[in-house]
Each structure stands twice: as C-alpha cells, then as structure tokens.
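Q: Sharing structure12.pdb below, PDB, C-alpha atoms:
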```pdb
ATOM      1  CA  MET A  17      18.714   7.568  10.150  1.00  0.00           C
ATOM      2  CA  LEU A  18      18.457   8.216  13.867  1.00  0.00           C
ATOM      3  CA  MET A  19      17.920  11.925  13.186  1.00  0.00           C
ATOM      4  CA  GLY A  20      14.964  11.140  10.891  1.00  0.00           C
ATOM      5  CA  TRP A  21      13.264   8.913  13.445  1.00  0.00           C
ATOM      6  CA  LEU A  22      13.903  11.491  16.161  1.00  0.00           C
ATOM      7  CA  ILE A  23      12.269  14.214  14.047  1.00  0.00           C
ATOM      8  CA  SER A  24       9.294  11.941  13.354  1.00  0.00           C
ATOM      9  CA  SER A  25       8.827  10.990  16.991  1.00  0.00           C
ATOM     10  CA  LEU A  26       9.120  14.554  18.264  1.00  0.00           C
ATOM     11  CA  SER A  27       6.560  15.848  15.761  1.00  0.00           C
ATOM     12  CA  LEU A  28       3.968  13.274  16.865  1.00  0.00           C
ATOM     13  CA  LEU A  29       4.784  13.816  20.532  1.00  0.00           C
ATOM     14  CA  SER A  30       4.210  17.550  20.043  1.00  0.00           C
ATOM     15  CA  ILE A  31       0.715  16.845  18.696  1.00  0.00           C
ATOM     16  CA  ILE A  32       0.052  14.632  21.718  1.00  0.00           C
ATOM     17  CA  ALA A  33       1.369  17.254  24.166  1.00  0.00           C
ATOM     18  CA  LEU A  34      -0.378  20.262  22.630  1.00  0.00           C
ATOM     19  CA  SER A  35      -3.878  18.833  22.228  1.00  0.00           C
ATOM     20  CA  ASP A  36      -6.534  16.540  23.647  1.00  0.00           C
ATOM     21  CA  LEU A  37      -6.906  13.472  21.420  1.00  0.00           C
ATOM     22  CA  SER A  38      -9.798  11.803  23.201  1.00  0.00           C
ATOM     23  CA  LEU A  39     -13.041  11.078  21.399  1.00  0.00           C
ATOM     24  CA  LYS A  40     -16.180  11.707  23.409  1.00  0.00           C
ATOM     25  CA  ARG A  41     -19.299   9.819  22.438  1.00  0.00           C
ATOM     26  CA  VAL A  42     -22.738  10.983  23.518  1.00  0.00           C
ATOM     27  CA  PRO A  43     -26.142   9.522  22.736  1.00  0.00           C
ATOM     28  CA  SER A  44     -27.651  10.701  19.483  1.00  0.00           C
ATOM     29  CA  HIS A  45     -30.643  13.059  19.400  1.00  0.00           C
ATOM     30  CA  ALA A  46     -33.012  10.135  18.963  1.00  0.00           C
ATOM     31  CA  GLU A  47     -31.779   8.640  22.234  1.00  0.00           C
ATOM     32  CA  TYR A  48     -31.619  12.052  23.909  1.00  0.00           C
ATOM     33  CA  GLY A  49     -35.117  13.060  22.877  1.00  0.00           C
ATOM     34  CA  ASP A  50     -36.062  16.334  21.238  1.00  0.00           C
ATOM     35  CA  ASP A  51     -34.471  18.425  23.961  1.00  0.00           C
ATOM     36  CA  SER A  52     -31.065  19.157  22.433  1.00  0.00           C
ATOM     37  CA  SER A  53     -30.358  22.010  24.831  1.00  0.00           C
ATOM     38  CA  SER A  54     -29.061  19.630  27.485  1.00  0.00           C
ATOM     39  CA  LEU A  55     -26.771  18.060  24.877  1.00  0.00           C
ATOM     40  CA  ASN A  56     -25.427  21.455  23.825  1.00  0.00           C
ATOM     41  CA  GLU A  57     -24.917  22.526  27.435  1.00  0.00           C
ATOM     42  CA  SER A  58     -23.066  19.331  28.374  1.00  0.00           C
ATOM     43  CA  TYR A  59     -20.728  19.320  25.394  1.00  0.00           C
ATOM     44  CA  SER A  60     -19.143  22.205  23.534  1.00  0.00           C
ATOM     45  CA  THR A  61     -20.166  21.413  19.986  1.00  0.00           C
ATOM     46  CA  ASN A  62     -21.845  22.887  16.962  1.00  0.00           C
ATOM     47  CA  VAL A  63     -24.817  20.520  16.933  1.00  0.00           C
ATOM     48  CA  THR A  64     -27.858  22.178  15.427  1.00  0.00           C
ATOM     49  CA  GLU A  65     -31.522  21.447  15.990  1.00  0.00           C
ATOM     50  CA  ASP A  66     -31.822  19.455  12.769  1.00  0.00           C
ATOM     51  CA  ASN A  67     -28.616  17.505  13.542  1.00  0.00           C
ATOM     52  CA  SER A  68     -27.044  18.659  10.243  1.00  0.00           C
ATOM     53  CA  ASN A  69     -23.510  19.227  11.580  1.00  0.00           C
ATOM     54  CA  SER A  70     -23.320  16.078  13.682  1.00  0.00           C
ATOM     55  CA  THR A  71     -23.253  13.283  11.154  1.00  0.00           C
ATOM     56  CA  LEU A  72     -20.332  11.427  12.737  1.00  0.00           C
ATOM     57  CA  THR A  73     -22.101   8.454  14.268  1.00  0.00           C
ATOM     58  CA  ASN A  74     -20.887   4.905  14.626  1.00  0.00           C
ATOM     59  CA  GLY A  75     -23.678   3.170  16.509  1.00  0.00           C
ATOM     60  CA  ASN A  76     -22.376   4.409  19.858  1.00  0.00           C
ATOM     61  CA  GLY A  77     -23.805   7.918  19.454  1.00  0.00           C
ATOM     62  CA  LEU A  78     -22.310  11.169  18.276  1.00  0.00           C
ATOM     63  CA  VAL A  79     -18.554  11.665  18.226  1.00  0.00           C
ATOM     64  CA  ILE A  80     -17.830  15.004  19.876  1.00  0.00           C
ATOM     65  CA  PRO A  81     -14.354  16.545  19.604  1.00  0.00           C
ATOM     66  CA  PRO A  82     -13.045  17.972  22.887  1.00  0.00           C
ATOM     67  CA  LYS A  83     -12.456  21.690  23.387  1.00  0.00           C
ATOM     68  CA  ASN A  84      -8.692  21.253  23.088  1.00  0.00           C
ATOM     69  CA  ALA A  85      -8.845  19.112  19.932  1.00  0.00           C
ATOM     70  CA  PRO A  86      -5.874  19.571  17.608  1.00  0.00           C
ATOM     71  CA  SER A  87      -6.309  22.350  15.085  1.00  0.00           C
ATOM     72  CA  MET A  88      -5.894  21.733  11.387  1.00  0.00           C
ATOM     73  CA  PRO A  89      -2.650  23.793  11.157  1.00  0.00           C
ATOM     74  CA  LEU A  90      -1.171  21.806  14.063  1.00  0.00           C
ATOM     75  CA  LEU A  91      -2.121  18.484  12.476  1.00  0.00           C
ATOM     76  CA  CYS A  92      -0.903  19.471   9.013  1.00  0.00           C
ATOM     77  CA  SER A  93       2.418  20.850  10.219  1.00  0.00           C
ATOM     78  CA  GLY A  94       2.953  17.945  12.625  1.00  0.00           C
ATOM     79  CA  PHE A  95       2.306  15.310   9.982  1.00  0.00           C
ATOM     80  CA  PHE A  96       4.378  17.239   7.438  1.00  0.00           C
ATOM     81  CA  VAL A  97       7.380  17.251   9.765  1.00  0.00           C
ATOM     82  CA  TRP A  98       6.678  13.597  10.601  1.00  0.00           C
ATOM     83  CA  SER A  99       6.727  12.638   6.920  1.00  0.00           C
ATOM     84  CA  ILE A 100      10.007  14.514   6.370  1.00  0.00           C
ATOM     85  CA  GLY A 101      11.554  12.571   9.250  1.00  0.00           C
ATOM     86  CA  VAL A 102      10.279   9.251   7.872  1.00  0.00           C
ATOM     87  CA  TRP A 103      11.609  10.218   4.440  1.00  0.00           C
ATOM     88  CA  MET A 104      15.054  10.978   5.894  1.00  0.00           C
ATOM     89  CA  ALA A 105      15.153   7.720   7.857  1.00  0.00           C
ATOM     90  CA  ASP A 106      13.883   5.685   4.902  1.00  0.00           C
ATOM     91  CA  THR A 107      16.482   7.161   2.579  1.00  0.00           C
ATOM     92  CA  MET A 108      19.270   6.336   5.025  1.00  0.00           C
ATOM     93  CA  GLY A 109      17.889   2.818   5.468  1.00  0.00           C
ATOM     94  CA  ASP A 110      17.837   2.300   1.694  1.00  0.00           C
ATOM     95  CA  VAL A 111      21.444   3.475   1.482  1.00  0.00           C
ATOM     96  CA  LEU A 112      22.495   1.003   4.185  1.00  0.00           C
ATOM     97  CA  VAL A 113      20.673  -1.857   2.459  1.00  0.00           C
ATOM     98  CA  ALA A 114      22.225  -0.962  -0.908  1.00  0.00           C
ATOM     99  CA  GLU A 115      25.701  -0.822   0.630  1.00  0.00           C
ATOM    100  CA  ARG A 116      25.203  -4.148   2.398  1.00  0.00           C
ATOM    101  CA  ALA A 117      23.837  -5.700  -0.808  1.00  0.00           C
ATOM    102  CA  LYS A 118      27.237  -5.157  -2.461  1.00  0.00           C
ATOM    103  CA  PHE A 119      28.644  -7.934  -0.280  1.00  0.00           C
ATOM    104  CA  GLU A 120      26.028 -10.522  -1.279  1.00  0.00           C
ATOM    105  CA  THR A 121      27.129 -13.488  -3.299  1.00  0.00           C
ATOM    106  CA  GLU A 122      25.944 -13.896  -6.878  1.00  0.00           C
ATOM    107  CA  ARG A 123      23.477 -16.585  -5.812  1.00  0.00           C
ATOM    108  CA  ASP A 124      21.914 -14.401  -3.063  1.00  0.00           C
ATOM    109  CA  ARG A 125      21.961 -11.110  -4.960  1.00  0.00           C
ATOM    110  CA  GLY A 126      18.800  -9.073  -4.325  1.00  0.00           C
ATOM    111  CA  ASN A 127      17.469 -11.184  -1.448  1.00  0.00           C
ATOM    112  CA  LEU A 128      18.259  -8.554   1.180  1.00  0.00           C
ATOM    113  CA  GLN A 129      16.446  -5.777  -0.674  1.00  0.00           C
ATOM    114  CA  ILE A 130      13.457  -8.021  -1.397  1.00  0.00           C
ATOM    115  CA  PHE A 131      13.259  -9.022   2.267  1.00  0.00           C
ATOM    116  CA  CYS A 132      13.413  -5.372   3.418  1.00  0.00           C
ATOM    117  CA  TYR A 133      10.703  -4.188   1.020  1.00  0.00           C
ATOM    118  CA  LEU A 134       8.534  -7.236   1.759  1.00  0.00           C
ATOM    119  CA  SER A 135       8.845  -6.617   5.513  1.00  0.00           C
ATOM    120  CA  ARG A 136       7.892  -2.969   5.060  1.00  0.00           C
ATOM    121  CA  GLY A 137       4.875  -3.874   2.900  1.00  0.00           C
ATOM    122  CA  VAL A 138       3.603  -6.526   5.322  1.00  0.00           C
ATOM    123  CA  GLY A 139       4.047  -4.135   8.242  1.00  0.00           C
ATOM    124  CA  MET A 140       2.025  -1.444   6.487  1.00  0.00           C
ATOM    125  CA  ALA A 141      -0.682  -3.940   5.510  1.00  0.00           C
ATOM    126  CA  LEU A 142      -1.023  -5.114   9.121  1.00  0.00           C
ATOM    127  CA  THR A 143      -0.912  -1.724  10.831  1.00  0.00           C
ATOM    128  CA  ALA A 144      -3.484  -0.001   8.604  1.00  0.00           C
ATOM    129  CA  PRO A 145      -6.493  -2.089   9.741  1.00  0.00           C
ATOM    130  CA  LEU A 146      -5.151  -2.304  13.292  1.00  0.00           C
ATOM    131  CA  SER A 147      -4.938   1.489  13.568  1.00  0.00           C
ATOM    132  CA  ALA A 148      -8.454   1.791  12.129  1.00  0.00           C
ATOM    133  CA  LEU A 149      -9.742  -0.530  14.855  1.00  0.00           C
ATOM    134  CA  CYS A 150      -7.833   1.335  17.575  1.00  0.00           C
ATOM    135  CA  TYR A 151      -9.240   4.663  16.380  1.00  0.00           C
ATOM    136  CA  ASN A 152     -12.726   3.636  17.509  1.00  0.00           C
ATOM    137  CA  LEU A 153     -11.643   3.449  21.146  1.00  0.00           C
ATOM    138  CA  GLN A 154     -12.301   6.412  23.437  1.00  0.00           C
ATOM    139  CA  ASN A 155      -8.690   7.601  23.278  1.00  0.00           C
ATOM    140  CA  GLY A 156      -8.040   6.068  19.877  1.00  0.00           C
ATOM    141  CA  PRO A 157      -6.089   8.915  18.248  1.00  0.00           C
ATOM    142  CA  PHE A 158      -3.898   9.160  21.344  1.00  0.00           C
ATOM    143  CA  TYR A 159      -3.049   5.446  21.180  1.00  0.00           C
ATOM    144  CA  ILE A 160      -2.266   5.586  17.463  1.00  0.00           C
ATOM    145  CA  LEU A 161       0.003   8.641  17.697  1.00  0.00           C
ATOM    146  CA  THR A 162       1.752   7.271  20.780  1.00  0.00           C
ATOM    147  CA  ALA A 163       2.452   3.950  19.084  1.00  0.00           C
ATOM    148  CA  ALA A 164       3.656   5.693  15.916  1.00  0.00           C
ATOM    149  CA  SER A 165       5.985   7.981  17.859  1.00  0.00           C
ATOM    150  CA  VAL A 166       7.461   5.111  19.886  1.00  0.00           C
ATOM    151  CA  LEU A 167       7.821   2.668  17.018  1.00  0.00           C
TER     152      LEU A 167
END
```
Show this structure as structure tokens.

A:
Amino acid sequence: MLMGWLISSLSLLSIIALSDLSLKRVPSHAEYGDDSSSLNESYSTNVTEDNSNSTLTNGNGLVIPPKNAPSMPLLCSGFFVWSIGVWMADTMGDVLVAERAKFETERDRGNLQIFCYLSRGVGMALTAPLSALCYNLQNGPFYILTAASVL
C-alpha cells in the first residue's frame, strides 16, 4: 500500500517540479480597449484580434497559461501513473479491510467495510467542490496537486 501511495505522490510531484502551474489573469479586451498588441506583448498567448481563442473568462479577465505550463503528454502520463498508484494502494487497503473483517463478530459483520466505503465516499464528495474552489486562485492547480501528493 505504501508503494502505491509513493508512486502516486511522486507522479504529482513530478508535474509540479517540471512545470509552472500558476494561472495568470489579465483584463479582457473590453477592459484593455481595442489595442490588443500590448496584451500580446505582455503575455505569451495565442489571443487573436477577434478574441476567438481566449474564451476562458471568469469575471476576473482572461486566464492565460504561463510559458512553462504542463504539456498534455506530461499531464496524461503523470495522471496515468498517479491513478495506477492509487489503484495499487486501494487494492491493498481493500485486502486489509477484508482480512480484518474476518475477525468481526456475527452482530458487527460488514460494519468495517461499510464504514471504510462511506468514509471514502464522503471524502470524495467534500474534496471535489473544495478543489474546484481552490482552482480559481492564482496558483490553484499548484495547491490542488500539492495537497493531492501530500495526502
């Protein structure tokens, strides 16, 4: 189980170490005026004159990825290795729970497994909206990956 969590943590830490996970927000073209040349000079982006490629707005302006943003192959391979590590750790955890459940009395049979699956479900239900809220911070992806690699 420890090996699975180690694999998961190292894969997320490699994404953190090999890329810049900050989110830069700049005023939209309406706030910047019609002169988009100063926007394109200040930030390395593919914003066009008609603003067709920059649709990622959230009220705080455009979200501009940094120059060293993680590439798609890095993200895909990192999250693939992460999921394999979680799978390994989860399988070992299920084995430990099943072995421990053998020693339950007839009256308490199944309570340990129900508690484990309920705890996992509640944890997932709480962390999904929390991570969505954290993502909107300036260094949101960094915070989310750091927390996931530590926890």

Q: Mind pulling up the distance from CA of Ser35 in chain A to CA of Asn84 in chain A?

A: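 Going from CA of Asn84 in chain A over to CA of Ser35 in chain A covers 5.5 Å.
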
Q: CA of Trp103 in chain A to CA of Ser24 in chain A: how many Å, to one decimal?

A: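 Straight-line distance from CA of Trp103 in chain A to CA of Ser24 in chain A works out to 9.4 Å.
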
Q: Between CA of Arg123 in chain A and CA of Val111 in chain A, what distance in Å does the model show, to one decimal?

A: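 Interatomic distance here is 21.4 Å.
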
Q: Could you check the closest approach to Phe96 in chain A for each of A:Met140, A:Met17, A:Ile23, A:Ala33 and tell me which residue wins, using only C-alpha atoms?

A: A:Ile23

Q: Got a sec: who's within 10 Å of Pro81 in chain A, counting all atoms listed in the file, leaving out chain neighbours fewer than 2 positions off, as a list of chain:residue names?

A: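 Once the nearby chain positions are removed, what remains is A:Asp36, A:Leu37, A:Ser38, A:Leu39, A:Lys40, A:Arg41, A:Tyr59, A:Ser60, A:Thr61, A:Leu78, A:Val79, A:Lys83, A:Asn84, A:Ala85, A:Pro86.
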
Q: Tell me which residues the PyMOL selection byres ((chain A and resi 101) around 7) grabs here, as a ChimeraX atom specification.

A: /A:20-21,23-24,97-100,102-105

Q: If you apply the PyMOL selection byres ((chain A and resi 156) around 12) to this file, what residues do you get, as a ChimeraX atom specification?

A: /A:32,36-40,146-155,157-163
